[in-house]
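What follows is one structure encoded as structure tokens, with my remarks underneath.
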Amino acid sequence: MNSKLDFQPRLFATLKHYNKKTFMADLMSGLIVGIVALPLAIAFGIASGVTPEKGIITAIVAGFIISLLGGSKVQIGGPTGAFIVIIYGIIQQYGFEGLTIATLMAGAFLILFGVLHLGTIIKFIPYPIVVGFTSGIAVTIFTTQIKDLFGLSIDKVPSDFLEKWYCYLCNFDTLDFWCAAVGVLSVVIIAITPRFSKKIPGSLVAIVVMTVAALMLKQFAGVTTIETIGDRFSVSNAIPDAHMPNLTWDTIKSLVSPALTIAVLGAIESLLSATVADGVIGDHHDSNTELIAQGVANLASPIFGGIPATGAIARTMTNINNGGRTPVAGIIHAATLTLIFLFFMPLAKYIPMACLAGVLVIVSYGMCGWRSFLALMKNPKSDVSVLLITFFLTIIFDLTIAIEVGLIIACLLFMKRMSETTEVKVIMDEISEESDITTGNIEHLTIPQGVEVYEINGPYFFGAGNRFEEIMATFGDRPKVRIIRMRKVPFVDSTGIHNLTNLCEMSKSEGIQVVLSGVVPRVHAALEKAGFYNSVGEKNICSHINFALDRANEILKEQEVEANPA
């Protein structure tokens, strides 16, 4: 792995060829994305258990830094739906101060991921896990919005998924007609707006229309049951002061797991978003630079009262579709949100909670990826198992457990599949004509009596390390020489070396000599470094099967001489 830090923000590269036409495109795109981000930032903030302005602050601070320092030309950063569940859980257990510390730790982890060049490795997280926890998050977000969507009168909604739905069913008779109407109409407006306008976001249209409708109902019809943001939160447009939480070692230790979950989830979502964007604009992002930028953003956001942030696929695609082609568009998006925050934030208190619930219902639908979910259900049973386990663990327990268990299961399945690709076979009487690494073709070499030839095809690691015991257990006879052909072994790990060593020691105790044939340089170096050749003997390491058979004949003669001295 290259340890050299190669941090190259795309902004500085794009400015070398910047012109007025590109700026105008970025300006228009940045303004539109800023408007699109406004209702989402408010909704994500409230759903996460914090005040609405904290969602906007996150979009401003993190969005600016991700565009300034990121490895993608068009990535738009900010709060996302994927973080709602984990943020809410951290706040419930550790308070907002705990969330701030966990976000700072996640930022440090993300920078470390980038410095260690782990950007490409994170992309190899199995697709069923990504779909499983994304779909699970979508279902969880939808579940949390039922109370506000229908205006149910519930003092305290249970945190457990199943208990939550039981509570909803038991209290559905408390449904408020006006809240339900606002919520359902918001969903309808958001869903149909793209048919009439691709530029104006449906969420903004729904918020404007439903806010005006709620004010008119209250003013002229006396409807006072529609709860608004102002009824639940104190909305402020004051610029927050920088604040560092009180860091203690005990708190840091207790927050390592949720911080890692934030970091891994943020890395996956940001790199997934950047990869999707690359496919649309024909570019290639720098994944390690992107991770470092995400880390810096998550260090800065909590200092100003924000929450975790990452690359947002929906806003990134909105940026692309509106002509944004450089990080300047993302910076303008952050500036637009700043102006809205300073001059229009007090108006947010009139937005109905049912309308925001409708916005998040559409967000959860977009996240669920039901088509991908159903497509994966047709795949091999092992992939289906990973998908379903990750999905149900996410909705029933939490995202941290789901990711950890999902990754463990995926790794075990991968090891099982890899071990199945490694074959250990016994050649009994004759080696047929085939291509060899060193000398080309072998012409039907006869195996002498008293010699067994084993061939290993594939990597010899801990997943396949016991194959020799299984193969040899099927043979009752004891040869005088065992030849192990390793020409098709690309690498060997510690377990493989340990098993080979045990084989040699066991064979030596039974009076059987082991001879290695065709060991490739990489495996040769690993065995030599581990001291394996001391127990085998230099003469018994042969570059080719011909030489190995010659050596076997020599050993047979030596044993015969020892058994029958003149």
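Chain identifiers are assigned as A, B, and so on, following the order in which chains appear in the structure tokens; residues are numbered from 1 within each chain, and ligands are numbered from 1 in order of appearance.
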
Nearby residues (only C-alpha atoms) at most 8 Å from segment 369-373 of chain A, same-chain spacing under 4 positions excluded, as a VMD selection string: chain A and resid 131 to 132 134 to 135 365 377

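Using only C-alpha atoms, the contacts of Leu68 of chain A at a cut-off of 8 Å, with sequence neighbours closer than 6 positions omitted, comprise A:Pro9, A:Leu11, A:Pro327, A:Val328, A:Ile331.
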
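If you measure from each of A:Phe133, A:Phe391, A:Phe343, A:Phe150 to Glu269 of chain A using only C-alpha atoms, the closest one turns out to be A:Phe133.
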
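Taking atom CA of Thr422 of chain A and atom CA of Ser535 of chain A as endpoints, the distance between them is 24.8 Å.
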
Which residue of A:Ile484, A:Ile320, A:Ile313, A:Val264 approaches Phe113 of chain A most closely, using only C-alpha atoms: A:Val264

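With distances restricted to only C-alpha atoms, A:Pro128 is the closest residue to Lys378 of chain A from A:Pro128, A:Ile332, A:Ser507, A:Gly202.
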
Nearby residues (only C-alpha atoms) at most 6 Å from Leu387 of chain A, same-chain spacing under 2 positions excluded, as JSON, numbers by chain: {"A": [128, 129, 132, 384, 385, 389, 390]}

One-decimal distance in Å that lies between atom CA of Ala82 of chain A and atom CA of Pro308 of chain A: 10.2 Å

Nearby residues (only C-alpha atoms) at most 8 Å from Asn298 of chain A, same-chain spacing under 3 positions excluded, as a ChimeraX atom specification: /A:62,103-104,106-107,294-295,301-302,307-309

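The two atoms in question, atom CA of Arg482 of chain A and atom CA of His524 of chain A, are spaced 18.3 Å apart.
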
Exercise: Ile555 of chain A partners within 9 Å, only C-alpha atoms, chain neighbours under 4 positions left out, as a tab-separated table (two decimals) with all heavy atoms, in the first residue's frame:
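Saved result, out25.tsv, follows:
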```tsv
chain	number	residue	atom	x	y	z
A	480	LYS	N	6.43	-43.79	0.85
A	480	LYS	CA	7.75	-43.45	1.35
A	480	LYS	C	8.12	-42.00	1.05
A	480	LYS	O	8.95	-41.41	1.75
A	480	LYS	CB	8.79	-44.40	0.74
A	480	LYS	CG	8.59	-45.86	1.15
A	480	LYS	CD	9.61	-46.76	0.50
A	480	LYS	CE	9.40	-48.22	0.94
A	480	LYS	NZ	10.39	-49.13	0.29
A	481	VAL	N	7.51	-41.47	0.00
A	481	VAL	CA	7.76	-40.08	-0.39
A	481	VAL	C	6.44	-39.41	-0.75
A	481	VAL	O	5.60	-40.01	-1.44
A	481	VAL	CB	8.72	-39.99	-1.60
A	481	VAL	CG1	8.97	-38.53	-1.98
A	481	VAL	CG2	10.03	-40.69	-1.31
A	513	GLN	N	9.22	-38.93	3.56
A	513	GLN	CA	9.90	-37.70	3.17
A	513	GLN	C	8.98	-36.86	2.29
A	513	GLN	O	8.34	-37.35	1.38
A	513	GLN	CB	11.18	-38.03	2.40
A	513	GLN	CG	11.97	-36.80	1.96
A	513	GLN	CD	12.46	-35.98	3.15
A	513	GLN	OE1	13.15	-36.50	4.01
A	513	GLN	NE2	12.09	-34.70	3.18
A	550	ASP	N	12.76	-37.19	-9.84
A	550	ASP	CA	14.15	-37.67	-9.74
A	550	ASP	C	14.59	-37.72	-8.29
A	550	ASP	O	15.24	-38.68	-7.85
A	550	ASP	CB	15.08	-36.76	-10.55
A	550	ASP	CG	14.87	-36.88	-12.05
A	550	ASP	OD1	14.26	-37.88	-12.48
A	550	ASP	OD2	15.29	-35.95	-12.78
A	551	ARG	N	14.23	-36.66	-7.54
A	551	ARG	CA	14.60	-36.62	-6.13
A	551	ARG	C	13.90	-37.72	-5.35
A	551	ARG	O	14.49	-38.35	-4.46
A	551	ARG	CB	14.23	-35.24	-5.53
A	551	ARG	CG	14.47	-35.10	-4.03
A	551	ARG	CD	15.90	-35.41	-3.66
A	551	ARG	NE	16.08	-35.40	-2.20
A	551	ARG	CZ	17.07	-36.01	-1.58
A	551	ARG	NH1	17.98	-36.71	-2.28
A	551	ARG	NH2	17.15	-35.96	-0.27
A	559	GLN	N	16.79	-45.10	0.88
A	559	GLN	CA	16.08	-45.88	1.89
A	559	GLN	C	16.32	-47.38	1.69
A	559	GLN	O	16.41	-48.15	2.65
A	559	GLN	CB	14.58	-45.56	1.84
A	559	GLN	CG	14.25	-44.16	2.31
A	559	GLN	CD	12.76	-43.87	2.24
A	559	GLN	OE1	11.99	-44.66	1.71
A	559	GLN	NE2	12.36	-42.73	2.78
A	560	GLU	N	16.41	-47.78	0.41
A	560	GLU	CA	16.67	-49.20	0.12
A	560	GLU	C	18.06	-49.61	0.57
A	560	GLU	O	18.25	-50.70	1.14
A	560	GLU	CB	16.51	-49.45	-1.38
A	560	GLU	CG	16.59	-50.91	-1.76
A	560	GLU	CD	16.36	-51.14	-3.25
A	560	GLU	OE1	15.93	-50.18	-3.93
A	560	GLU	OE2	16.61	-52.25	-3.71
```

Spatial neighbours of Pro52 of chain A, max dist 12 Å, only C-alpha atoms, sep filter under 2 positions, as an NGL selection string: :A and (38-50 or 54-59 or 79 or 228-230 or 232-237 or 305-307 or 341 or 345-349 or 351 or 353 or 356)

Compile a residue-level contact table for segment 230-342 of chain A against segment 83-91 of chain A at a cut-off of 10 Å, reporting for every qualifying residue the shortest atom pair and its distance in Å to one decimal, with only C-alpha atoms counted, rows ordered by chain and ascending number, as CSV.
```
residue,atom,partner,partner_atom,distance
A:Leu255,CA,A:Ile90,CA,8.8
A:Pro258,CA,A:Ile90,CA,7.5
A:Ala259,CA,A:Ile90,CA,9.6
A:Thr261,CA,A:Ile86,CA,8.3
A:Ile262,CA,A:Phe83,CA,7.4
A:Leu265,CA,A:Phe83,CA,8.0
A:Gly266,CA,A:Phe83,CA,8.3
A:Ile307,CA,A:Ile87,CA,7.9
A:Pro308,CA,A:Phe83,CA,7.2
A:Ala309,CA,A:Phe83,CA,8.0
A:Thr310,CA,A:Phe83,CA,9.0
```

Could you write those residues out with N, CA, C and O atoms, as a PDB file, in the first residue's frame?
```
ATOM      1  N   LEU A 255     -18.013   5.721  22.879  1.00  0.00           N
ATOM      2  CA  LEU A 255     -18.569   6.182  21.605  1.00  0.00           C
ATOM      3  C   LEU A 255     -17.794   5.679  20.382  1.00  0.00           C
ATOM      4  O   LEU A 255     -18.091   6.093  19.257  1.00  0.00           O
ATOM      5  N   PRO A 258     -20.391   3.696  17.831  1.00  0.00           N
ATOM      6  CA  PRO A 258     -21.243   4.551  16.999  1.00  0.00           C
ATOM      7  C   PRO A 258     -20.449   5.490  16.087  1.00  0.00           C
ATOM      8  O   PRO A 258     -20.883   5.782  14.971  1.00  0.00           O
ATOM      9  N   ALA A 259     -19.276   5.941  16.551  1.00  0.00           N
ATOM     10  CA  ALA A 259     -18.448   6.816  15.713  1.00  0.00           C
ATOM     11  C   ALA A 259     -17.958   6.074  14.478  1.00  0.00           C
ATOM     12  O   ALA A 259     -17.956   6.622  13.363  1.00  0.00           O
ATOM     13  N   THR A 261     -19.466   3.562  13.109  1.00  0.00           N
ATOM     14  CA  THR A 261     -20.635   3.357  12.256  1.00  0.00           C
ATOM     15  C   THR A 261     -20.912   4.600  11.416  1.00  0.00           C
ATOM     16  O   THR A 261     -21.188   4.509  10.215  1.00  0.00           O
ATOM     17  N   ILE A 262     -20.834   5.781  12.049  1.00  0.00           N
ATOM     18  CA  ILE A 262     -21.015   7.034  11.304  1.00  0.00           C
ATOM     19  C   ILE A 262     -19.964   7.153  10.205  1.00  0.00           C
ATOM     20  O   ILE A 262     -20.272   7.509   9.060  1.00  0.00           O
ATOM     21  N   LEU A 265     -20.545   4.438   7.405  1.00  0.00           N
ATOM     22  CA  LEU A 265     -21.745   4.785   6.646  1.00  0.00           C
ATOM     23  C   LEU A 265     -21.508   6.023   5.796  1.00  0.00           C
ATOM     24  O   LEU A 265     -21.900   6.079   4.621  1.00  0.00           O
ATOM     25  N   GLY A 266     -20.839   7.035   6.380  1.00  0.00           N
ATOM     26  CA  GLY A 266     -20.534   8.243   5.622  1.00  0.00           C
ATOM     27  C   GLY A 266     -19.604   7.962   4.457  1.00  0.00           C
ATOM     28  O   GLY A 266     -19.774   8.500   3.358  1.00  0.00           O
ATOM     29  N   ILE A 307     -24.614  18.283  12.744  1.00  0.00           N
ATOM     30  CA  ILE A 307     -24.705  16.836  12.906  1.00  0.00           C
ATOM     31  C   ILE A 307     -23.872  16.163  11.809  1.00  0.00           C
ATOM     32  O   ILE A 307     -23.328  16.852  10.946  1.00  0.00           O
ATOM     33  N   PRO A 308     -23.732  14.836  11.822  1.00  0.00           N
ATOM     34  CA  PRO A 308     -22.928  14.170  10.792  1.00  0.00           C
ATOM     35  C   PRO A 308     -23.412  14.472   9.373  1.00  0.00           C
ATOM     36  O   PRO A 308     -24.610  14.658   9.138  1.00  0.00           O
ATOM     37  N   ALA A 309     -22.467  14.508   8.449  1.00  0.00           N
ATOM     38  CA  ALA A 309     -22.785  14.817   7.055  1.00  0.00           C
ATOM     39  C   ALA A 309     -22.017  13.892   6.133  1.00  0.00           C
ATOM     40  O   ALA A 309     -21.000  13.300   6.520  1.00  0.00           O
ATOM     41  N   THR A 310     -22.503  13.782   4.916  1.00  0.00           N
ATOM     42  CA  THR A 310     -21.829  12.980   3.893  1.00  0.00           C
ATOM     43  C   THR A 310     -22.302  13.446   2.526  1.00  0.00           C
ATOM     44  O   THR A 310     -23.097  14.385   2.423  1.00  0.00           O
TER      45      THR A 310
END
```

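The environment of Ile200 of chain A within 12 Å, counting only C-alpha atoms and disregarding residues fewer than 5 places along the same chain, consists of Ser29, Leu31, Ile32, Val33, Gly34, Ile35, Val36, Ala37, Ile189, Ile190, Ile192, Thr193, Pro194, Arg195, Val205, Ala206, Val208, Thr318 and Asn322 of chain A.
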
Every residue of segment 93-299 of chain A that DSSP places in alpha helix (DSSP H), as a ChimeraX atom specification: /A:93-115,119-122,127-144,146-150,161-170,177-196,202-220,229-232,249-254,256-281,287-299

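Each of A:Arg485, A:Arg478, A:Lys156, A:Lys164 was checked against Lys425 of chain A using only C-alpha atoms; the smallest atom-to-atom distance is that of A:Arg485.
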